[in-house]
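Visitor: Next up, final-v4.cif (mmCIF, C-alpha atoms).
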```cif
data_data
loop_
_atom_site.label_atom_id
_atom_site.label_comp_id
_atom_site.auth_asym_id
_atom_site.auth_seq_id
_atom_site.Cartn_x
_atom_site.Cartn_y
_atom_site.Cartn_z
CA MET A 1028 -38.23 -33.38 15.66
CA SER A 1029 -37.98 -37.19 15.66
CA VAL A 1030 -40.28 -40.14 16.23
CA ASP A 1031 -38.87 -43.02 18.29
CA GLY A 1032 -39.19 -46.81 18.08
CA ALA A 1033 -40.52 -49.94 19.73
CA GLY A 1034 -42.39 -51.14 22.80
CA THR A 1035 -44.55 -48.99 25.03
CA ASP A 1036 -42.43 -45.97 24.22
CA ASP A 1037 -43.20 -46.28 20.51
CA GLU A 1038 -44.61 -43.42 18.50
CA GLN A 1039 -43.05 -41.01 20.96
CA VAL A 1040 -42.49 -37.58 19.49
CA THR A 1041 -39.25 -35.95 20.62
CA LEU A 1042 -38.86 -32.22 20.21
CA ASP A 1043 -35.31 -30.91 20.05
CA ASP A 1044 -34.20 -27.43 21.13
CA VAL A 1045 -37.49 -26.53 22.81
CA LEU A 1046 -37.38 -24.13 25.75
CA VAL A 1047 -39.15 -25.60 28.79
CA PRO A 1048 -39.55 -23.25 31.75
CA PRO A 1049 -38.08 -24.75 34.95
CA ASP A 1050 -41.46 -24.69 36.71
CA LEU A 1051 -42.80 -27.13 34.08
CA VAL A 1052 -40.04 -29.71 34.55
CA VAL A 1053 -41.23 -32.56 36.74
CA THR A 1054 -38.66 -33.99 39.12
CA ALA A 1055 -39.09 -36.85 41.55
CA SER A 1056 -39.28 -34.56 44.59
CA ALA A 1057 -41.33 -31.45 45.17
CA THR A 1058 -39.47 -28.24 45.92
CA ASP A 1059 -39.99 -28.80 49.66
CA GLY A 1060 -38.19 -32.17 49.42
CA ARG A 1061 -41.32 -34.28 49.91
CA PRO A 1062 -42.41 -36.73 47.22
CA ASN A 1063 -44.84 -35.43 44.69
CA ALA A 1064 -47.91 -37.30 43.48
CA LEU A 1065 -46.25 -38.19 40.18
CA THR A 1066 -43.34 -39.84 42.00
CA ALA A 1067 -45.70 -41.84 44.20
CA GLY A 1068 -47.71 -42.98 41.18
CA PHE A 1069 -44.61 -43.89 39.26
CA VAL A 1070 -43.17 -45.93 42.15
CA TRP A 1071 -46.45 -47.81 42.50
CA PHE A 1072 -46.68 -48.40 38.75
CA GLN A 1073 -43.17 -49.90 38.68
CA LEU A 1074 -44.01 -52.13 41.61
CA LEU A 1075 -47.38 -53.25 40.21
CA ALA A 1076 -46.03 -53.95 36.72
CA THR A 1077 -43.11 -55.87 38.21
CA GLY A 1078 -45.39 -57.83 40.54
CA GLY A 1079 -47.86 -58.70 37.80
CA CYS A 1080 -45.17 -60.08 35.52
CA LEU A 1081 -43.53 -61.90 38.42
CA GLY A 1082 -46.87 -63.48 39.32
CA ALA A 1083 -47.22 -64.93 35.83
CA ALA A 1084 -43.62 -66.21 35.91
CA SER A 1085 -44.23 -67.73 39.36
CA ALA A 1086 -47.27 -69.56 38.00
CA LEU A 1087 -45.07 -71.05 35.27
CA VAL A 1088 -42.44 -72.12 37.80
CA GLU A 1089 -45.14 -73.71 39.98
CA ARG A 1090 -45.99 -75.99 37.05
CA VAL A 1091 -42.41 -77.27 36.94
CA LEU A 1092 -41.83 -77.83 40.66
CA PRO A 1093 -43.85 -81.05 41.10
CA ASP A 1094 -42.54 -82.60 37.86
CA GLU A 1095 -40.01 -85.25 38.86
CA ARG A 1096 -38.93 -85.62 35.22
CA VAL A 1097 -37.20 -82.26 35.67
CA SER A 1098 -34.00 -82.53 37.68
CA GLU A 1099 -34.00 -81.38 41.27
CA SER A 1100 -31.27 -78.83 40.55
CA GLU A 1101 -33.32 -77.32 37.67
CA ARG A 1102 -36.43 -77.02 39.87
CA VAL A 1103 -34.54 -75.48 42.78
CA GLY A 1104 -32.71 -73.12 40.41
CA LEU A 1105 -36.01 -71.82 39.01
CA LEU A 1106 -37.39 -71.35 42.49
CA VAL A 1107 -34.28 -69.50 43.67
CA GLU A 1108 -34.51 -67.06 40.74
CA VAL A 1109 -38.22 -66.31 41.05
CA GLU A 1110 -38.13 -66.06 44.86
CA GLY A 1111 -35.10 -63.77 44.75
CA ALA A 1112 -36.88 -61.47 42.31
CA MET A 1113 -40.03 -61.57 44.44
CA SER A 1114 -38.06 -60.69 47.58
CA ALA A 1115 -36.56 -57.67 45.86
CA ALA A 1116 -40.03 -56.45 44.82
CA GLU A 1117 -41.36 -57.05 48.33
CA GLY A 1118 -38.47 -54.97 49.67
CA ILE A 1119 -39.68 -52.00 47.62
CA ALA A 1120 -43.23 -52.49 48.93
CA ARG A 1121 -41.91 -52.52 52.50
CA ARG A 1122 -39.90 -49.40 51.83
CA ILE A 1123 -43.01 -47.63 50.56
CA ASP A 1124 -44.88 -48.67 53.70
CA ASP A 1125 -42.03 -47.56 55.98
CA ASP A 1126 -40.76 -44.39 54.32
CA GLY A 1127 -43.20 -43.42 51.59
CA PRO A 1128 -42.44 -43.21 47.87
CA ASP A 1129 -39.67 -40.64 47.59
CA GLU A 1130 -37.02 -40.10 44.94
CA SER A 1131 -34.66 -42.76 46.33
CA THR A 1132 -37.53 -45.27 46.48
CA LEU A 1133 -38.27 -44.57 42.82
CA VAL A 1134 -34.63 -45.18 41.95
CA GLN A 1135 -34.67 -48.45 43.90
CA ALA A 1136 -37.95 -49.45 42.23
CA LEU A 1137 -36.37 -48.89 38.82
CA TYR A 1138 -33.29 -50.93 39.80
CA VAL A 1139 -35.51 -53.78 40.97
CA ARG A 1140 -37.77 -53.56 37.92
CA TYR A 1141 -34.82 -53.81 35.49
CA SER A 1142 -33.23 -56.60 37.52
CA VAL A 1143 -36.49 -58.55 37.51
CA GLN A 1144 -36.88 -57.84 33.80
CA ASP A 1145 -33.45 -59.41 33.20
CA THR A 1146 -34.30 -62.38 35.41
CA LEU A 1147 -37.57 -63.01 33.57
CA SER A 1148 -35.85 -62.82 30.20
CA ARG A 1149 -33.79 -65.86 31.28
CA LEU A 1150 -36.32 -67.61 33.49
CA VAL A 1151 -39.40 -67.66 31.27
CA PRO A 1152 -37.86 -69.30 28.17
CA HIS A 1153 -36.05 -71.85 30.36
CA THR A 1154 -39.26 -72.69 32.21
CA ILE A 1155 -41.17 -73.09 28.95
CA GLU A 1156 -38.46 -75.41 27.68
CA LEU A 1157 -38.79 -77.53 30.82
CA LEU A 1158 -42.58 -77.58 30.37
CA GLY A 1159 -42.26 -78.66 26.74
CA HIS A 1160 -43.84 -82.06 27.33
CA LEU A 1161 -47.26 -80.63 28.30
CA ASP A 1162 -50.44 -81.40 26.39
CA THR A 1163 -52.01 -78.75 24.12
CA THR A 1164 -54.72 -77.65 26.59
CA THR A 1165 -52.12 -76.84 29.21
CA SER A 1166 -49.83 -75.38 26.54
CA ASP A 1167 -52.36 -72.62 25.79
CA GLU A 1168 -52.34 -71.58 29.44
CA VAL A 1169 -48.54 -71.72 29.54
CA ALA A 1170 -48.37 -69.53 26.42
CA ARG A 1171 -50.68 -66.93 28.03
CA LEU A 1172 -48.65 -66.88 31.24
CA ALA A 1173 -45.38 -66.60 29.32
CA ASP A 1174 -46.79 -63.71 27.30
CA ARG A 1175 -47.83 -61.89 30.48
CA ALA A 1176 -44.50 -62.55 32.20
CA ASN A 1177 -42.63 -61.09 29.22
CA LYS A 1178 -44.56 -57.79 29.20
CA LEU A 1179 -42.33 -56.02 31.71
CA ALA A 1180 -39.86 -54.99 29.02
CA GLN A 1181 -42.71 -53.25 27.19
CA HIS A 1182 -43.68 -51.00 30.11
CA ALA A 1183 -42.36 -47.47 30.40
CA PRO A 1184 -39.83 -46.25 31.04
CA ALA A 1185 -37.56 -48.13 28.69
CA ARG A 1186 -34.15 -48.75 30.19
CA LYS A 1187 -32.48 -46.70 27.47
CA THR A 1188 -34.45 -43.61 28.55
CA THR A 1189 -33.48 -43.93 32.23
CA THR A 1190 -29.79 -44.70 31.88
CA GLY A 1191 -28.74 -41.05 31.76
CA PRO A 1192 -31.06 -39.90 34.57
CA LEU A 1193 -29.98 -42.81 36.80
CA ALA A 1194 -26.31 -42.03 36.10
CA ALA A 1195 -26.95 -38.37 37.00
CA TYR A 1196 -28.69 -39.47 40.21
CA LEU A 1197 -25.72 -41.70 41.11
CA ALA A 1198 -23.51 -38.61 40.69
CA ASP A 1199 -25.63 -36.85 43.36
CA GLY A 1200 -27.89 -35.05 40.87
CA PRO A 1201 -31.67 -35.03 40.92
CA LEU A 1202 -33.59 -37.79 39.17
CA THR A 1203 -35.23 -36.20 36.17
CA LEU A 1204 -37.30 -38.52 34.00
CA THR A 1205 -38.74 -37.26 30.74
#
```
Can the structure from this file be put into structure tokens for me?

Guide:
Amino acid sequence: MSVDGAGTDDEQVTLDDVLVPPDLVVTASATDGRPNALTAGFVWFQLLATGGCLGAASALVERVLPDERVSESERVGLLVEVEGAMSAAEGIARRIDDDGPDESTLVQALYVRYSVQDTLSRLVPHTIELLGHLDTTTSDEVARLADRANKLAQHAPARKTTTGPLAAYLADGPLTLT
């Protein structure tokens, strides 16, 4: 038995060499091929967590856009990154509306979530740097927004726990998240 590390997945107890009957293993699709409730909830959670963090990052970017002391190329670059990430998240929402939250939608939601997570890890510090001239009252609000925007990396599942299952899915196996 081992206890794992940081973030939302911290204090996780991992049991090795434990027999789990096949009927207790949760996969992304029910046996009849339709999505199960857990899959639907997990897709929605990924989308909501991603959207919430993106909203905070967008609010930071909106504070830079009218500032003419920041170069035009910097402002447009920030907008391109945040709008691209937002479009990807909106694509998952449209897919849920059109097709429902199945296994492939969950995979796409995870791809988008990790892509947005990477984007925010670059975008948020750069935006804060560009906002560095703000007064202390506004700085408190900026700090709160930055903190919220950076929370996506702390939400489950951690990328390290999905790498193997996503690789198996790409090799035409089922998506099995533990």

Visitor: Find the residues around A:Ala1083 up to 10 Å (all atoms listed in the file counted), leave out those fewer than 4 positions away in its own chain, and share them as number ranges by chain.

Guide: A: 1078-1079, 1087-1089, 1151, 1169, 1171-1177

Visitor: Got a sec: who's within 12 Å of A:Gly1159, counting all atoms listed in the file, leaving out chain neighbours fewer than 4 positions off, as a PyMOL selection string?

Guide: chain A and resi 1087+1090-1091+1094+1096-1097+1152-1155+1163+1165-1167+1169-1170

Visitor: So how far away is atom CA of A:Arg1186 from atom CA of A:Leu1204, in Å?

Guide: 11.4 Å

Visitor: How many Å lie between atom CA of A:Glu1156 and atom CA of A:Arg1102, rounded to one decimal?

Guide: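 These atoms are spaced 12.5 Å apart.
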
Visitor: If the PyMOL selection byres ((chain A and resi 1189-1198) around 12) were run on this exact file, what residues would it hold? Put them as a PDB file with C-alpha atoms, keeping the file's coordinate frame.

Guide:
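Wrote it out as result00.pdb, contents follow:
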```
ATOM      1  CA  THR A1054     -38.660 -33.990  39.120  1.00  0.00           C
ATOM      2  CA  ALA A1055     -39.090 -36.850  41.550  1.00  0.00           C
ATOM      3  CA  GLU A1130     -37.020 -40.100  44.940  1.00  0.00           C
ATOM      4  CA  SER A1131     -34.660 -42.760  46.330  1.00  0.00           C
ATOM      5  CA  LEU A1133     -38.270 -44.570  42.820  1.00  0.00           C
ATOM      6  CA  VAL A1134     -34.630 -45.180  41.950  1.00  0.00           C
ATOM      7  CA  GLN A1135     -34.670 -48.450  43.900  1.00  0.00           C
ATOM      8  CA  ALA A1136     -37.950 -49.450  42.230  1.00  0.00           C
ATOM      9  CA  LEU A1137     -36.370 -48.890  38.820  1.00  0.00           C
ATOM     10  CA  TYR A1138     -33.290 -50.930  39.800  1.00  0.00           C
ATOM     11  CA  ARG A1140     -37.770 -53.560  37.920  1.00  0.00           C
ATOM     12  CA  TYR A1141     -34.820 -53.810  35.490  1.00  0.00           C
ATOM     13  CA  ALA A1183     -42.360 -47.470  30.400  1.00  0.00           C
ATOM     14  CA  PRO A1184     -39.830 -46.250  31.040  1.00  0.00           C
ATOM     15  CA  ALA A1185     -37.560 -48.130  28.690  1.00  0.00           C
ATOM     16  CA  ARG A1186     -34.150 -48.750  30.190  1.00  0.00           C
ATOM     17  CA  LYS A1187     -32.480 -46.700  27.470  1.00  0.00           C
ATOM     18  CA  THR A1188     -34.450 -43.610  28.550  1.00  0.00           C
ATOM     19  CA  ASP A1199     -25.630 -36.850  43.360  1.00  0.00           C
ATOM     20  CA  GLY A1200     -27.890 -35.050  40.870  1.00  0.00           C
ATOM     21  CA  PRO A1201     -31.670 -35.030  40.920  1.00  0.00           C
ATOM     22  CA  LEU A1202     -33.590 -37.790  39.170  1.00  0.00           C
ATOM     23  CA  THR A1203     -35.230 -36.200  36.170  1.00  0.00           C
ATOM     24  CA  LEU A1204     -37.300 -38.520  34.000  1.00  0.00           C
ATOM     25  CA  THR A1205     -38.740 -37.260  30.740  1.00  0.00           C
TER      26      THR A1205
END
```

Visitor: Return the single residue from A:Leu1092, A:Ala1076, A:Ala1084, A:Leu1106 that is closest to A:Val1139, with distances computed using only C-alpha atoms.

Guide: A:Ala1076

Visitor: Identify which of the residues A:Ile1123, A:Val1109, A:Leu1046, A:Leu1065 lies closest to A:Leu1081, counting all atoms listed in the file when measuring atom-to-atom distances.

Guide: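 When distances to A:Leu1081 are compared using all atoms listed in the file, the smallest one comes from A:Val1109.
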
Visitor: Atom CA of A:Met1113 to atom CA of A:Val1143: how many Å, to one decimal?

Guide: 8.3 Å

Visitor: Leaving out A:Thr1146 and any residue of its chain fewer than 3 positions from it, which residues lie within 8 Å of it when counting all atoms listed in the file, given as a count of residues only?

Guide: 7

Visitor: Provide stretch 1085-1121 of chain A rebuilt to N, CA and C atoms, formatted as a PDB file, in the coordinates of the input.

Guide:
```pdb
ATOM      1  N   SER A1085     -44.117 -66.811  38.221  1.00  0.00           N
ATOM      2  CA  SER A1085     -44.230 -67.730  39.360  1.00  0.00           C
ATOM      3  C   SER A1085     -45.208 -68.861  39.045  1.00  0.00           C
ATOM      4  N   ALA A1086     -46.294 -68.530  38.370  1.00  0.00           N
ATOM      5  CA  ALA A1086     -47.270 -69.560  38.000  1.00  0.00           C
ATOM      6  C   ALA A1086     -46.651 -70.575  37.037  1.00  0.00           C
ATOM      7  N   LEU A1087     -45.777 -70.115  36.157  1.00  0.00           N
ATOM      8  CA  LEU A1087     -45.070 -71.050  35.270  1.00  0.00           C
ATOM      9  C   LEU A1087     -44.135 -71.951  36.073  1.00  0.00           C
ATOM     10  N   VAL A1088     -43.379 -71.348  36.984  1.00  0.00           N
ATOM     11  CA  VAL A1088     -42.440 -72.120  37.800  1.00  0.00           C
ATOM     12  C   VAL A1088     -43.189 -73.145  38.638  1.00  0.00           C
ATOM     13  N   GLU A1089     -44.346 -72.775  39.167  1.00  0.00           N
ATOM     14  CA  GLU A1089     -45.140 -73.710  39.980  1.00  0.00           C
ATOM     15  C   GLU A1089     -45.553 -74.947  39.194  1.00  0.00           C
ATOM     16  N   ARG A1090     -45.641 -74.837  37.890  1.00  0.00           N
ATOM     17  CA  ARG A1090     -45.990 -75.990  37.050  1.00  0.00           C
ATOM     18  C   ARG A1090     -44.808 -76.944  36.876  1.00  0.00           C
ATOM     19  N   VAL A1091     -43.606 -76.437  37.076  1.00  0.00           N
ATOM     20  CA  VAL A1091     -42.410 -77.270  36.940  1.00  0.00           C
ATOM     21  C   VAL A1091     -42.074 -77.985  38.248  1.00  0.00           C
ATOM     22  N   LEU A1092     -42.295 -77.321  39.368  1.00  0.00           N
ATOM     23  CA  LEU A1092     -41.830 -77.830  40.660  1.00  0.00           C
ATOM     24  C   LEU A1092     -42.251 -79.260  40.991  1.00  0.00           C
ATOM     25  N   PRO A1093     -43.488 -79.668  40.742  1.00  0.00           N
ATOM     26  CA  PRO A1093     -43.850 -81.050  41.100  1.00  0.00           C
ATOM     27  C   PRO A1093     -43.422 -82.096  40.065  1.00  0.00           C
ATOM     28  N   ASP A1094     -42.877 -81.684  38.951  1.00  0.00           N
ATOM     29  CA  ASP A1094     -42.540 -82.600  37.860  1.00  0.00           C
ATOM     30  C   ASP A1094     -41.192 -83.273  38.116  1.00  0.00           C
ATOM     31  N   GLU A1095     -41.227 -84.528  38.519  1.00  0.00           N
ATOM     32  CA  GLU A1095     -40.010 -85.250  38.860  1.00  0.00           C
ATOM     33  C   GLU A1095     -39.182 -85.631  37.625  1.00  0.00           C
ATOM     34  N   ARG A1096     -39.732 -85.395  36.432  1.00  0.00           N
ATOM     35  CA  ARG A1096     -38.930 -85.620  35.220  1.00  0.00           C
ATOM     36  C   ARG A1096     -37.913 -84.504  35.022  1.00  0.00           C
ATOM     37  N   VAL A1097     -38.142 -83.387  35.693  1.00  0.00           N
ATOM     38  CA  VAL A1097     -37.200 -82.260  35.670  1.00  0.00           C
ATOM     39  C   VAL A1097     -36.261 -82.443  36.856  1.00  0.00           C
ATOM     40  N   SER A1098     -34.975 -82.275  36.616  1.00  0.00           N
ATOM     41  CA  SER A1098     -34.000 -82.530  37.680  1.00  0.00           C
ATOM     42  C   SER A1098     -34.254 -81.618  38.888  1.00  0.00           C
ATOM     43  N   GLU A1099     -33.866 -82.129  40.026  1.00  0.00           N
ATOM     44  CA  GLU A1099     -34.000 -81.380  41.270  1.00  0.00           C
ATOM     45  C   GLU A1099     -33.251 -80.048  41.191  1.00  0.00           C
ATOM     46  N   SER A1100     -32.060 -80.062  40.626  1.00  0.00           N
ATOM     47  CA  SER A1100     -31.270 -78.830  40.550  1.00  0.00           C
ATOM     48  C   SER A1100     -31.943 -77.798  39.637  1.00  0.00           C
ATOM     49  N   GLU A1101     -32.592 -78.239  38.562  1.00  0.00           N
ATOM     50  CA  GLU A1101     -33.320 -77.320  37.670  1.00  0.00           C
ATOM     51  C   GLU A1101     -34.496 -76.694  38.418  1.00  0.00           C
ATOM     52  N   ARG A1102     -35.252 -77.529  39.146  1.00  0.00           N
ATOM     53  CA  ARG A1102     -36.430 -77.020  39.870  1.00  0.00           C
ATOM     54  C   ARG A1102     -36.023 -76.039  40.959  1.00  0.00           C
ATOM     55  N   VAL A1103     -35.004 -76.379  41.712  1.00  0.00           N
ATOM     56  CA  VAL A1103     -34.540 -75.480  42.780  1.00  0.00           C
ATOM     57  C   VAL A1103     -33.983 -74.196  42.167  1.00  0.00           C
ATOM     58  N   GLY A1104     -33.256 -74.310  41.069  1.00  0.00           N
ATOM     59  CA  GLY A1104     -32.710 -73.120  40.410  1.00  0.00           C
ATOM     60  C   GLY A1104     -33.792 -72.153  39.972  1.00  0.00           C
ATOM     61  N   LEU A1105     -34.886 -72.679  39.404  1.00  0.00           N
ATOM     62  CA  LEU A1105     -36.010 -71.820  39.010  1.00  0.00           C
ATOM     63  C   LEU A1105     -36.611 -71.131  40.231  1.00  0.00           C
ATOM     64  N   LEU A1106     -36.791 -71.900  41.278  1.00  0.00           N
ATOM     65  CA  LEU A1106     -37.390 -71.350  42.490  1.00  0.00           C
ATOM     66  C   LEU A1106     -36.507 -70.267  43.107  1.00  0.00           C
ATOM     67  N   VAL A1107     -35.208 -70.492  43.128  1.00  0.00           N
ATOM     68  CA  VAL A1107     -34.280 -69.500  43.670  1.00  0.00           C
ATOM     69  C   VAL A1107     -34.397 -68.194  42.889  1.00  0.00           C
ATOM     70  N   GLU A1108     -34.427 -68.280  41.553  1.00  0.00           N
ATOM     71  CA  GLU A1108     -34.510 -67.060  40.740  1.00  0.00           C
ATOM     72  C   GLU A1108     -35.810 -66.307  40.959  1.00  0.00           C
ATOM     73  N   VAL A1109     -36.936 -67.013  40.929  1.00  0.00           N
ATOM     74  CA  VAL A1109     -38.220 -66.310  41.050  1.00  0.00           C
ATOM     75  C   VAL A1109     -38.419 -65.791  42.475  1.00  0.00           C
ATOM     76  N   GLU A1110     -37.982 -66.522  43.474  1.00  0.00           N
ATOM     77  CA  GLU A1110     -38.130 -66.060  44.860  1.00  0.00           C
ATOM     78  C   GLU A1110     -37.195 -64.888  45.157  1.00  0.00           C
ATOM     79  N   GLY A1111     -36.008 -64.901  44.580  1.00  0.00           N
ATOM     80  CA  GLY A1111     -35.100 -63.770  44.750  1.00  0.00           C
ATOM     81  C   GLY A1111     -35.675 -62.495  44.158  1.00  0.00           C
ATOM     82  N   ALA A1112     -36.249 -62.627  42.959  1.00  0.00           N
ATOM     83  CA  ALA A1112     -36.880 -61.470  42.310  1.00  0.00           C
ATOM     84  C   ALA A1112     -38.074 -60.990  43.134  1.00  0.00           C
ATOM     85  N   MET A1113     -38.862 -61.932  43.634  1.00  0.00           N
ATOM     86  CA  MET A1113     -40.030 -61.570  44.440  1.00  0.00           C
ATOM     87  C   MET A1113     -39.601 -60.868  45.724  1.00  0.00           C
ATOM     88  N   SER A1114     -38.554 -61.331  46.348  1.00  0.00           N
ATOM     89  CA  SER A1114     -38.060 -60.690  47.580  1.00  0.00           C
ATOM     90  C   SER A1114     -37.617 -59.258  47.321  1.00  0.00           C
ATOM     91  N   ALA A1115     -36.980 -59.027  46.195  1.00  0.00           N
ATOM     92  CA  ALA A1115     -36.560 -57.670  45.860  1.00  0.00           C
ATOM     93  C   ALA A1115     -37.781 -56.755  45.691  1.00  0.00           C
ATOM     94  N   ALA A1116     -38.807 -57.239  45.002  1.00  0.00           N
ATOM     95  CA  ALA A1116     -40.030 -56.450  44.820  1.00  0.00           C
ATOM     96  C   ALA A1116     -40.730 -56.204  46.161  1.00  0.00           C
ATOM     97  N   GLU A1117     -40.762 -57.214  47.009  1.00  0.00           N
ATOM     98  CA  GLU A1117     -41.360 -57.050  48.330  1.00  0.00           C
ATOM     99  C   GLU A1117     -40.594 -56.026  49.164  1.00  0.00           C
ATOM    100  N   GLY A1118     -39.283 -55.964  48.964  1.00  0.00           N
ATOM    101  CA  GLY A1118     -38.470 -54.970  49.670  1.00  0.00           C
ATOM    102  C   GLY A1118     -38.881 -53.547  49.309  1.00  0.00           C
ATOM    103  N   ILE A1119     -39.202 -53.324  48.042  1.00  0.00           N
ATOM    104  CA  ILE A1119     -39.680 -52.000  47.620  1.00  0.00           C
ATOM    105  C   ILE A1119     -41.030 -51.706  48.264  1.00  0.00           C
ATOM    106  N   ALA A1120     -41.911 -52.692  48.297  1.00  0.00           N
ATOM    107  CA  ALA A1120     -43.230 -52.490  48.930  1.00  0.00           C
ATOM    108  C   ALA A1120     -43.063 -52.139  50.407  1.00  0.00           C
ATOM    109  N   ARG A1121     -42.156 -52.834  51.096  1.00  0.00           N
ATOM    110  CA  ARG A1121     -41.910 -52.520  52.500  1.00  0.00           C
ATOM    111  C   ARG A1121     -41.350 -51.112  52.673  1.00  0.00           C
TER     112      ARG A1121
END
```
